[in-house]
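Q: Below you will find the structure I want to go over with you.
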Amino acid sequence: MMKKPVFTGAGVAVITPMHENGTINFDVLGQILEDQIARGTDAIVICGTTGECSTMTDAEQLSAIKFAVDTVAHRVPVVAGAGSNDTAHGCALAAGAANCGADALLMVTPYYNKTSQAGLIAHFTAMAEAGGIPVILYNVPSRTGVNIKPETAQKLSEHPLINGIKEASGNIAQVAQIAAACGDALNIYSGNDDQVLPLLSLGGKGVISVVSNIAPTLVHDCCKAWFDGNAAEARRLQLEMLPLCDAMFCDVNPIPVKYAMNLLGWDAGKCRLPLVEPGDAQKAKIEQALRACGLLQ
């Protein structure tokens, strides 16, 4: 069953700018969304890990999703983070995000309590059906302690609402196995900015990107070059991206990217606790990478 991808190219895992008092800064979020669209971003992924959904109340999360949907106004797809390690909670968020008008849902594997592969199938099936709109699974074992195995991805891909997978395992061999097992029934997106091209070469449809927050055109152009048949240019842009990839992950995401956005003149504010400012060495690394890529004078 061939499934039309939710988007092709570079989707930005957009930060959530915060006021000094820690509440969401919707004015700045609106400016960031407009800037992203103007600079070629192919999709907006709101309330993902980079958007700090793990420290948002449900009301805040849904208000951010609704704001993004209204601001973007169908110019590009809006993918809403709506996962949980509690299936009932995930179902409520999925239904709420779908009600807000999101085009698709990004659902992370259950963290902390984890589950078996059979449990993953039951968990994602229930949440997908509660949302009723296309779902991109999110596999990030480094954060959750649980991995979606290729045979589990294949089983989930049989569900008409399970459209794609954001693969952030870092395991290219596993991604190849998923591509071989699922074919056109599951659209693969890179969850790692330093592995965009390897995943595209295995039939991937794009990336859900942290680096796109600071360099949306670069990430978009890397994907576009590949889809235009210009592998050499895509490779050049992927390699050009590497210093930014390293810098954006020199501390826990989204600590570095939020610091970088502030350096670039966005009033991004701080991360919510337990995330704190990067240390001096990390700050220097972030500044150096922004300068090396010509983003900061």
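Identifiers in this document derive from the order of the structure tokens: chains are assigned A, B, ..., residues are numbered from 1 separately in each chain, and ligands are numbered from 1 in order of occurrence.
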Please, which residues of range 54-233 of chain A, numbered as in this document, come out alpha helix (DSSP H) from DSSP, as a PyMOL selection string?

A: chain A and resi 58-72+87-99+117-131+141-144+150-157+172-182+196-201+216-227+231-233

Q: Write out as a ChimeraX atom specification the residues lying within 12 Å of Gly22 in chain A, counting only C-alpha atoms and excluding same-chain residues fewer than 5 positions away.

A: /A:16-17,52,55-56,60,268-273

Q: Save the residues we just selected, N, CA, C and O atoms, as a compact mmCIF listing (two decimals), in the first residue's frame?

A:
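Below is the file that was written, selection.txt:
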# COMPACT_ATOMS: atom_id res chain seq x y z
N THR A 16 10.23 26.27 20.78
CA THR A 16 9.15 27.07 21.36
C THR A 16 9.79 28.23 22.11
O THR A 16 10.38 28.03 23.17
N PRO A 17 9.70 29.46 21.56
CA PRO A 17 10.27 30.60 22.28
C PRO A 17 9.48 30.88 23.56
O PRO A 17 8.26 30.69 23.59
N GLU A 52 10.19 21.35 23.26
CA GLU A 52 10.03 21.22 24.72
C GLU A 52 8.64 20.76 25.16
O GLU A 52 8.14 21.16 26.22
N THR A 55 7.85 19.47 28.82
CA THR A 55 7.59 20.32 29.99
C THR A 55 6.36 21.21 29.80
O THR A 55 6.17 22.18 30.53
N MET A 56 5.53 20.86 28.81
CA MET A 56 4.30 21.64 28.59
C MET A 56 3.11 20.92 29.21
O MET A 56 3.04 19.69 29.21
N GLU A 60 -1.17 23.94 27.11
CA GLU A 60 -0.12 24.69 26.41
C GLU A 60 0.23 24.03 25.08
O GLU A 60 0.38 24.71 24.06
N ALA A 268 14.38 34.01 21.69
CA ALA A 268 13.92 32.64 21.93
C ALA A 268 13.72 32.35 23.41
O ALA A 268 12.98 31.44 23.78
N GLY A 269 14.39 33.12 24.27
CA GLY A 269 14.29 32.88 25.71
C GLY A 269 15.09 31.65 26.12
O GLY A 269 15.87 31.11 25.34
N LYS A 270 14.86 31.22 27.34
CA LYS A 270 15.59 30.07 27.88
C LYS A 270 14.76 28.80 27.73
O LYS A 270 13.56 28.85 27.45
N CYS A 271 15.42 27.68 27.98
CA CYS A 271 14.70 26.40 28.07
C CYS A 271 14.07 26.30 29.45
O CYS A 271 14.54 26.91 30.41
N ARG A 272 13.02 25.49 29.53
CA ARG A 272 12.43 25.22 30.83
C ARG A 272 13.28 24.19 31.58
O ARG A 272 13.84 23.29 30.96
N LEU A 273 13.32 24.34 32.90
CA LEU A 273 13.99 23.33 33.73
C LEU A 273 13.33 21.96 33.51
O LEU A 273 12.14 21.90 33.25

Q: Nearest residue to Pro5 in chain A out of A:Val140, A:Val196, A:Ile172, A:Ala104, using only C-alpha atoms?

A: A:Ala104

Q: Which neighbours of Leu244 in chain A fall inside 7 Å, counting only C-alpha atoms, when residues of the same chain fewer than 3 positions from it are skipped, and could you give them as a PDB file with C-alpha atoms, in the first residue's frame?

A:
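Result written to result.pdb:
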ATOM      1  CA  VAL A 211      19.496  22.505  12.259  1.00  0.00           C
ATOM      2  CA  MET A 241      25.976  21.090   7.545  1.00  0.00           C
ATOM      3  CA  ALA A 247      27.286  22.232  17.571  1.00  0.00           C
ATOM      4  CA  MET A 248      23.520  21.689  17.877  1.00  0.00           C
ATOM      5  CA  ALA A 289      29.974  26.939  14.165  1.00  0.00           C
TER       6      ALA A 289
END

Q: Just want the 9 Å neighbourhood of Asp70 in chain A, counted on only C-alpha atoms, with same-chain residues fewer than 5 positions away dropped. Output as a list of chain:residue names.

A: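 These residues fall inside the cut-off: A:Ile65, A:Cys100, A:Gly101.
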
Q: With a distance cut-off of 12 Å and only C-alpha atoms, select the neighbouring residues of Leu120 in chain A, excluding the residue or stretch itself and same-chain residues fewer than 5 positions from it, and output the selection as a list in words.

A: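 The residues satisfying every condition are Ser84, Asn85, Asp86, Thr87, Met107, Val108, Thr109, Pro110, Tyr111, Asn113, Lys114, Thr115, Thr125, Ala126, Met127, Ala128, Leu137, Tyr138, Asn139, Val146, Asn147, Ile148, Lys149, Glu151, Thr152, Ala153, Lys155 and Leu156 of chain A.
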
Q: So, counting only C-alpha atoms, which residue among A:Gly206, A:Gly51, A:Pro134, A:Pro198 is closest to Asn253 in chain A?

A: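 Selected residue with least distance to Asn253 in chain A: A:Gly51.
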